[in-house]
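Structure below is model36.txt: compact mmCIF, N, CA and C atoms.
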```
# COMPACT_ATOMS: atom_id res chain seq x y z
N MET A 1 112.29 119.90 104.02
CA MET A 1 112.94 121.19 104.17
C MET A 1 112.05 122.17 104.95
N LEU A 2 110.73 121.96 104.90
CA LEU A 2 109.82 122.87 105.60
C LEU A 2 110.05 122.83 107.11
N VAL A 3 110.26 121.63 107.64
CA VAL A 3 110.49 121.50 109.08
C VAL A 3 111.81 122.17 109.46
N VAL A 4 112.82 122.02 108.63
CA VAL A 4 114.12 122.67 108.87
C VAL A 4 113.93 124.19 108.92
N GLY A 5 113.14 124.73 108.01
CA GLY A 5 112.87 126.16 108.00
C GLY A 5 112.17 126.63 109.26
N ILE A 6 111.22 125.85 109.75
CA ILE A 6 110.50 126.20 110.99
C ILE A 6 111.45 126.14 112.19
N ILE A 7 112.30 125.12 112.22
CA ILE A 7 113.29 125.02 113.30
C ILE A 7 114.21 126.23 113.26
N ARG A 8 114.63 126.61 112.07
CA ARG A 8 115.52 127.77 111.91
C ARG A 8 114.88 129.04 112.46
N VAL A 9 113.61 129.27 112.14
CA VAL A 9 112.91 130.46 112.64
C VAL A 9 112.87 130.45 114.16
N ALA A 10 112.52 129.31 114.74
CA ALA A 10 112.43 129.21 116.20
C ALA A 10 113.78 129.44 116.86
N LEU A 11 114.82 128.86 116.29
CA LEU A 11 116.14 129.01 116.90
C LEU A 11 116.68 130.43 116.75
N ARG A 12 116.37 131.07 115.63
CA ARG A 12 116.77 132.48 115.45
C ARG A 12 116.06 133.36 116.47
N LYS A 13 114.80 133.06 116.71
CA LYS A 13 113.99 133.91 117.59
C LYS A 13 114.28 133.67 119.07
N PHE A 14 114.35 132.39 119.47
CA PHE A 14 114.43 132.06 120.90
C PHE A 14 115.72 131.33 121.30
N GLY A 15 116.48 130.84 120.34
CA GLY A 15 117.69 130.10 120.68
C GLY A 15 117.46 128.63 120.95
N SER A 16 116.21 128.27 121.22
CA SER A 16 115.87 126.87 121.45
C SER A 16 114.37 126.67 121.27
N ILE A 17 113.99 125.40 121.08
CA ILE A 17 112.57 125.05 121.00
C ILE A 17 112.44 123.58 121.43
N GLU A 18 111.38 123.28 122.14
CA GLU A 18 111.13 121.90 122.53
C GLU A 18 110.61 121.12 121.32
N ILE A 19 111.01 119.85 121.22
CA ILE A 19 110.51 119.01 120.13
C ILE A 19 108.99 118.94 120.20
N SER A 20 108.45 118.85 121.41
CA SER A 20 106.99 118.75 121.56
C SER A 20 106.29 120.01 121.06
N GLU A 21 106.90 121.16 121.23
CA GLU A 21 106.32 122.41 120.73
C GLU A 21 106.38 122.45 119.20
N LEU A 22 107.50 122.04 118.65
CA LEU A 22 107.65 121.97 117.20
C LEU A 22 106.61 121.04 116.59
N ALA A 23 106.44 119.88 117.19
CA ALA A 23 105.46 118.90 116.70
C ALA A 23 104.04 119.45 116.79
N LEU A 24 103.77 120.21 117.82
CA LEU A 24 102.44 120.78 118.01
C LEU A 24 102.12 121.84 116.96
N LEU A 25 103.12 122.63 116.58
CA LEU A 25 102.91 123.73 115.63
C LEU A 25 102.90 123.28 114.18
N LEU A 26 103.56 122.19 113.89
CA LEU A 26 103.74 121.77 112.51
C LEU A 26 102.44 121.61 111.73
N PRO A 27 101.41 120.95 112.27
CA PRO A 27 100.17 120.84 111.48
C PRO A 27 99.56 122.19 111.13
N MET A 28 99.68 123.16 112.02
CA MET A 28 99.15 124.49 111.71
C MET A 28 99.96 125.15 110.61
N LEU A 29 101.28 124.99 110.68
CA LEU A 29 102.15 125.68 109.73
C LEU A 29 102.19 125.00 108.37
N LEU A 30 101.68 123.81 108.27
CA LEU A 30 101.58 123.15 106.97
C LEU A 30 100.18 123.27 106.39
N ASP A 31 99.31 124.00 107.07
CA ASP A 31 97.96 124.26 106.60
C ASP A 31 97.96 125.61 105.88
N ASP A 32 97.77 125.59 104.56
CA ASP A 32 97.86 126.82 103.76
C ASP A 32 96.87 127.88 104.20
N LYS A 33 95.70 127.48 104.67
CA LYS A 33 94.69 128.45 105.11
C LYS A 33 95.19 129.21 106.35
N ILE A 34 95.76 128.50 107.29
CA ILE A 34 96.26 129.14 108.51
C ILE A 34 97.49 129.99 108.19
N VAL A 35 98.36 129.49 107.32
CA VAL A 35 99.54 130.27 106.93
C VAL A 35 99.10 131.58 106.28
N LYS A 36 98.09 131.52 105.45
CA LYS A 36 97.58 132.74 104.79
C LYS A 36 97.03 133.71 105.83
N LEU A 37 96.27 133.21 106.80
CA LEU A 37 95.75 134.07 107.86
C LEU A 37 96.88 134.74 108.65
N LEU A 38 97.91 133.99 108.93
CA LEU A 38 99.02 134.53 109.72
C LEU A 38 99.86 135.54 108.94
N GLN A 39 99.70 135.59 107.62
CA GLN A 39 100.42 136.57 106.80
C GLN A 39 99.88 137.98 107.02
N ASN A 40 98.61 138.07 107.40
CA ASN A 40 97.96 139.36 107.57
C ASN A 40 98.44 140.01 108.86
N GLU A 41 99.30 141.00 108.75
CA GLU A 41 99.86 141.67 109.92
C GLU A 41 98.83 142.52 110.66
N ASN A 42 97.73 142.84 110.01
CA ASN A 42 96.71 143.68 110.63
C ASN A 42 95.84 142.91 111.62
N LEU A 43 95.86 141.59 111.54
CA LEU A 43 95.06 140.78 112.44
C LEU A 43 95.88 140.39 113.67
N GLU A 44 95.26 140.52 114.81
CA GLU A 44 95.90 140.09 116.05
C GLU A 44 95.20 138.82 116.51
N TYR A 45 95.96 137.77 116.68
CA TYR A 45 95.40 136.49 117.08
C TYR A 45 95.95 136.06 118.42
N LYS A 46 95.12 135.37 119.14
CA LYS A 46 95.52 134.58 120.29
C LYS A 46 95.23 133.15 119.86
N VAL A 47 95.82 132.18 120.53
CA VAL A 47 95.64 130.79 120.12
C VAL A 47 94.17 130.43 120.06
N GLY A 48 93.40 130.82 121.07
CA GLY A 48 91.97 130.50 121.10
C GLY A 48 91.23 131.06 119.90
N ASN A 49 91.53 132.29 119.51
CA ASN A 49 90.89 132.91 118.35
C ASN A 49 91.28 132.19 117.06
N LEU A 50 92.54 131.83 116.95
CA LEU A 50 93.02 131.14 115.76
C LEU A 50 92.32 129.80 115.61
N ILE A 51 92.15 129.10 116.72
CA ILE A 51 91.47 127.81 116.70
C ILE A 51 89.99 127.99 116.38
N MET A 52 89.36 128.96 117.02
CA MET A 52 87.93 129.19 116.82
C MET A 52 87.62 129.56 115.37
N HIS A 53 88.45 130.38 114.76
CA HIS A 53 88.20 130.82 113.38
C HIS A 53 88.56 129.77 112.34
N ASN A 54 89.18 128.69 112.76
CA ASN A 54 89.63 127.67 111.82
C ASN A 54 89.20 126.27 112.24
N ASN A 55 87.97 126.15 112.71
CA ASN A 55 87.49 124.85 113.18
C ASN A 55 87.65 123.74 112.14
N LEU A 56 87.37 124.04 110.89
CA LEU A 56 87.50 123.00 109.87
C LEU A 56 88.95 122.56 109.71
N SER A 57 89.86 123.50 109.72
CA SER A 57 91.27 123.17 109.57
C SER A 57 91.80 122.39 110.75
N LEU A 58 91.24 122.62 111.93
CA LEU A 58 91.74 121.98 113.13
C LEU A 58 90.92 120.77 113.55
N ALA A 59 89.89 120.43 112.78
CA ALA A 59 89.01 119.33 113.15
C ALA A 59 89.75 118.01 113.27
N ASN A 60 90.69 117.74 112.41
CA ASN A 60 91.43 116.48 112.45
C ASN A 60 92.87 116.72 112.90
N TYR A 61 93.05 117.65 113.80
CA TYR A 61 94.39 118.07 114.22
C TYR A 61 95.20 116.92 114.80
N ASN A 62 94.58 116.10 115.63
CA ASN A 62 95.31 114.99 116.24
C ASN A 62 95.85 114.03 115.17
N ASP A 63 95.04 113.73 114.16
CA ASP A 63 95.49 112.83 113.09
C ASP A 63 96.68 113.43 112.34
N ARG A 64 96.59 114.73 112.04
CA ARG A 64 97.69 115.39 111.33
C ARG A 64 98.93 115.45 112.21
N TYR A 65 98.73 115.73 113.49
CA TYR A 65 99.84 115.77 114.44
C TYR A 65 100.58 114.43 114.44
N LEU A 66 99.84 113.35 114.59
CA LEU A 66 100.46 112.01 114.63
C LEU A 66 101.15 111.65 113.32
N SER A 67 100.54 112.03 112.20
CA SER A 67 101.13 111.69 110.90
C SER A 67 102.39 112.49 110.60
N LEU A 68 102.54 113.65 111.24
CA LEU A 68 103.71 114.50 110.98
C LEU A 68 104.87 114.26 111.95
N LEU A 69 104.64 113.48 113.01
CA LEU A 69 105.72 113.21 113.96
C LEU A 69 106.97 112.63 113.29
N PRO A 70 106.82 111.68 112.35
CA PRO A 70 108.04 111.18 111.69
C PRO A 70 108.83 112.26 110.96
N LEU A 71 108.17 113.25 110.38
CA LEU A 71 108.87 114.36 109.72
C LEU A 71 109.69 115.17 110.72
N VAL A 72 109.11 115.39 111.88
CA VAL A 72 109.82 116.14 112.92
C VAL A 72 111.08 115.39 113.32
N TYR A 73 110.94 114.10 113.60
CA TYR A 73 112.09 113.32 114.04
C TYR A 73 113.14 113.15 112.94
N GLU A 74 112.71 113.03 111.70
CA GLU A 74 113.67 112.93 110.59
C GLU A 74 114.45 114.23 110.41
N ALA A 75 113.75 115.37 110.51
CA ALA A 75 114.43 116.67 110.37
C ALA A 75 115.42 116.88 111.51
N VAL A 76 115.01 116.55 112.72
CA VAL A 76 115.90 116.70 113.88
C VAL A 76 117.11 115.79 113.72
N SER A 77 116.88 114.57 113.29
CA SER A 77 117.97 113.62 113.08
C SER A 77 118.96 114.13 112.03
N LEU A 78 118.44 114.63 110.93
CA LEU A 78 119.28 115.19 109.87
C LEU A 78 120.12 116.34 110.40
N LEU A 79 119.50 117.25 111.13
CA LEU A 79 120.20 118.42 111.64
C LEU A 79 121.22 118.05 112.71
N LEU A 80 120.94 117.00 113.47
CA LEU A 80 121.94 116.50 114.43
C LEU A 80 123.14 115.91 113.70
N ASP A 81 122.87 115.17 112.61
CA ASP A 81 123.94 114.54 111.83
C ASP A 81 124.91 115.55 111.23
N VAL A 82 124.41 116.73 110.86
CA VAL A 82 125.28 117.75 110.27
C VAL A 82 125.74 118.79 111.31
N ASP A 83 125.49 118.49 112.57
CA ASP A 83 125.90 119.35 113.70
C ASP A 83 125.32 120.76 113.64
N ALA A 84 124.14 120.91 113.04
CA ALA A 84 123.50 122.23 112.98
C ALA A 84 122.78 122.55 114.29
N ILE A 85 122.35 121.49 114.99
CA ILE A 85 121.62 121.67 116.24
C ILE A 85 122.18 120.73 117.31
N GLY A 86 121.78 121.02 118.53
CA GLY A 86 122.04 120.13 119.65
C GLY A 86 120.70 119.71 120.22
N LEU A 87 120.68 118.63 120.95
CA LEU A 87 119.43 118.14 121.55
C LEU A 87 119.73 117.60 122.93
N GLU A 88 119.01 118.14 123.92
CA GLU A 88 119.16 117.67 125.28
C GLU A 88 117.82 117.78 125.99
N ASN A 89 117.37 116.68 126.55
CA ASN A 89 116.10 116.63 127.29
C ASN A 89 114.93 117.17 126.47
N GLY A 90 114.90 116.85 125.19
CA GLY A 90 113.80 117.26 124.32
C GLY A 90 113.88 118.69 123.84
N GLN A 91 114.94 119.39 124.20
CA GLN A 91 115.13 120.79 123.82
C GLN A 91 116.12 120.88 122.67
N ILE A 92 115.70 121.48 121.57
CA ILE A 92 116.57 121.69 120.42
C ILE A 92 117.27 123.03 120.59
N THR A 93 118.59 123.03 120.46
CA THR A 93 119.36 124.27 120.55
C THR A 93 120.20 124.42 119.29
N VAL A 94 120.59 125.63 119.01
CA VAL A 94 121.37 125.91 117.81
C VAL A 94 122.85 125.62 118.08
N SER A 95 123.48 124.97 117.12
CA SER A 95 124.93 124.75 117.16
C SER A 95 125.60 125.59 116.08
N LYS A 96 125.08 125.44 114.84
CA LYS A 96 125.65 126.19 113.71
C LYS A 96 124.50 126.75 112.87
N LEU A 97 124.11 127.96 113.19
CA LEU A 97 122.99 128.60 112.51
C LEU A 97 123.26 128.77 111.01
N GLU A 98 124.51 128.93 110.65
CA GLU A 98 124.84 129.13 109.24
C GLU A 98 124.47 127.90 108.40
N ILE A 99 124.50 126.71 108.98
CA ILE A 99 124.08 125.50 108.25
C ILE A 99 122.58 125.55 107.99
N LEU A 100 121.82 125.95 108.99
CA LEU A 100 120.37 126.08 108.82
C LEU A 100 120.04 127.14 107.78
N ASP A 101 120.74 128.26 107.84
CA ASP A 101 120.53 129.33 106.87
C ASP A 101 120.80 128.84 105.45
N GLU A 102 121.92 128.16 105.29
CA GLU A 102 122.31 127.67 103.97
C GLU A 102 121.30 126.66 103.42
N MET A 103 120.85 125.76 104.28
CA MET A 103 119.89 124.74 103.84
C MET A 103 118.58 125.36 103.36
N THR A 104 118.09 126.33 104.11
CA THR A 104 116.80 126.93 103.74
C THR A 104 116.93 127.89 102.57
N GLU A 105 118.02 128.62 102.51
CA GLU A 105 118.20 129.57 101.41
C GLU A 105 118.39 128.86 100.08
N LYS A 106 119.04 127.72 100.09
CA LYS A 106 119.26 126.98 98.85
C LYS A 106 117.97 126.43 98.27
N SER A 107 116.98 126.22 99.11
CA SER A 107 115.72 125.65 98.60
C SER A 107 114.97 126.64 97.72
N GLN A 108 115.10 127.94 97.98
CA GLN A 108 114.42 128.99 97.23
C GLN A 108 112.93 128.71 97.05
N SER A 109 112.31 128.21 98.08
CA SER A 109 110.89 127.86 98.03
C SER A 109 110.03 129.03 98.51
N LYS A 110 109.09 129.44 97.68
CA LYS A 110 108.17 130.51 98.07
C LYS A 110 107.29 130.05 99.23
N ARG A 111 106.86 128.79 99.17
CA ARG A 111 106.01 128.26 100.25
C ARG A 111 106.78 128.25 101.57
N LEU A 112 108.05 127.86 101.53
CA LEU A 112 108.86 127.86 102.74
C LEU A 112 108.97 129.28 103.30
N ASN A 113 109.16 130.26 102.45
CA ASN A 113 109.24 131.65 102.91
C ASN A 113 107.95 132.07 103.61
N LEU A 114 106.80 131.72 103.03
CA LEU A 114 105.51 132.05 103.65
C LEU A 114 105.34 131.34 104.98
N ILE A 115 105.74 130.08 105.02
CA ILE A 115 105.62 129.30 106.26
C ILE A 115 106.53 129.88 107.34
N CYS A 116 107.71 130.33 106.97
CA CYS A 116 108.63 130.91 107.94
C CYS A 116 108.07 132.20 108.54
N ILE A 117 107.44 133.02 107.71
CA ILE A 117 106.79 134.24 108.22
C ILE A 117 105.68 133.86 109.17
N ALA A 118 104.86 132.89 108.77
CA ALA A 118 103.77 132.43 109.63
C ALA A 118 104.31 131.81 110.92
N ALA A 119 105.41 131.08 110.83
CA ALA A 119 106.00 130.45 112.01
C ALA A 119 106.43 131.51 113.03
N GLU A 120 107.03 132.57 112.54
CA GLU A 120 107.45 133.63 113.46
C GLU A 120 106.24 134.25 114.17
N ARG A 121 105.18 134.51 113.42
CA ARG A 121 103.97 135.08 114.03
C ARG A 121 103.34 134.10 115.02
N LEU A 122 103.27 132.81 114.64
CA LEU A 122 102.68 131.81 115.51
C LEU A 122 103.51 131.63 116.78
N LEU A 123 104.82 131.65 116.66
CA LEU A 123 105.68 131.56 117.84
C LEU A 123 105.45 132.74 118.77
N ASN A 124 105.24 133.93 118.21
CA ASN A 124 104.92 135.10 119.04
C ASN A 124 103.60 134.91 119.76
N ILE A 125 102.63 134.34 119.06
CA ILE A 125 101.30 134.13 119.63
C ILE A 125 101.36 133.18 120.82
N ILE A 126 102.14 132.11 120.69
CA ILE A 126 102.15 131.09 121.75
C ILE A 126 103.26 131.29 122.77
N ALA A 127 104.07 132.32 122.60
CA ALA A 127 105.26 132.52 123.44
C ALA A 127 104.95 132.47 124.93
N ASN A 128 103.85 133.02 125.34
CA ASN A 128 103.52 133.07 126.77
C ASN A 128 102.46 132.06 127.16
N ASP A 129 102.20 131.11 126.29
CA ASP A 129 101.18 130.11 126.57
C ASP A 129 101.82 128.85 127.15
N ASN A 130 101.03 128.12 127.89
CA ASN A 130 101.47 126.88 128.49
C ASN A 130 101.35 125.75 127.47
N LEU A 131 102.43 125.03 127.23
CA LEU A 131 102.45 123.97 126.22
C LEU A 131 101.43 122.87 126.53
N SER A 132 101.30 122.50 127.79
CA SER A 132 100.32 121.47 128.17
C SER A 132 98.90 121.92 127.84
N ARG A 133 98.63 123.20 128.08
CA ARG A 133 97.30 123.74 127.78
C ARG A 133 97.04 123.69 126.28
N LEU A 134 98.06 124.00 125.48
CA LEU A 134 97.89 123.95 124.02
C LEU A 134 97.60 122.53 123.55
N TYR A 135 98.27 121.56 124.12
CA TYR A 135 97.99 120.17 123.76
C TYR A 135 96.53 119.81 124.09
N THR A 136 96.05 120.31 125.22
CA THR A 136 94.66 120.06 125.61
C THR A 136 93.67 120.77 124.68
N VAL A 137 93.93 122.04 124.41
CA VAL A 137 93.05 122.84 123.55
C VAL A 137 92.95 122.23 122.15
N LEU A 138 94.08 121.73 121.64
CA LEU A 138 94.11 121.16 120.31
C LEU A 138 93.70 119.68 120.29
N LYS A 139 93.37 119.17 121.47
CA LYS A 139 92.87 117.80 121.63
C LYS A 139 93.84 116.75 121.08
N ILE A 140 95.10 116.92 121.45
CA ILE A 140 96.13 115.97 121.05
C ILE A 140 96.08 114.77 121.99
N GLU A 141 96.00 113.58 121.42
CA GLU A 141 96.00 112.34 122.19
C GLU A 141 97.24 111.56 121.81
N LEU A 142 98.06 111.30 122.80
CA LEU A 142 99.31 110.57 122.53
C LEU A 142 99.14 109.09 122.76
```

Would you write out, as structure tokens, the structure that this file holds?
Amino acid sequence: MLVVGIIRVALRKFGSIEISELALLLPMLLDDKIVKLLQNENLEYKVGNLIMHNNLSLANYNDRYLSLLPLVYEAVSLLLDVDAIGLENGQITVSKLEILDEMTEKSQSKRLNLICIAAERLLNIIANDNLSRLYTVLKIEL
């Protein structure tokens, strides 16, 4: 349900998100330390600062990235099955936002709520960044 919540935030904010971008952000958004940092509205982060201040959390980023890929694909598959999203050329688009809303609201998860707030902040941080550069900075090896 956490991945569905993150997809919902991205689609509400931008109308679409690339699967590769979602996969890249997921390890950060499932890290409680980073989520807690992103809750602080008084701190202004850029991707480089976030990475620099969290070296321990990001040390095994590639391993976490690879281990979470199945969750991304399962969530996307589920949402495609219920016609909540569309998918074309790796781009996830919203079909029925009310389904996403209902799925996340029914969970009533405090952790999901915190992750959704962090996801919105993180999406703002990376909005103008190059996705290829982020993959390089985070040392993702495919």

Please return, as number ranges by chain, all residues of chain A that DSSP assigns to helix (DSSP H, G or I) on the basis of the backbone. A: 2-14, 19-29, 32-39, 47-52, 55-58, 61-81, 97-107, 110-126, 131-137

Skip Ala119 of chain A itself and residues of its chain fewer than 4 positions away, then list as a PyMOL selection string all residues within 7 Å of it, counting only C-alpha atoms. chain A and resi 6+9+29+115+123

Record the distance separating atom CA of Pro70 of chain A and atom CA of Ala23 of chain A, expressed in Å with one decimal. 9.6 Å

Going by DSSP on the backbone, which bits of segment 5-87 of chain A are strand (DSSP E or B)? Write them as an NGL selection string, please. :A and (16-18 or 85-87)

Can you measure atom N of Ala127 of chain A to atom CA of Lys46 of chain A for me? One decimal in Å is fine.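 Calculated distance between atom N of Ala127 of chain A and atom CA of Lys46 of chain A is 9.1 Å.
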
Of the listed residues A:Leu2, A:Leu71, A:Leu25, A:Val76, that which approaches Lys110 of chain A most closely, counting only C-alpha atoms: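 Smallest distance to Lys110 of chain A is found for A:Leu2.
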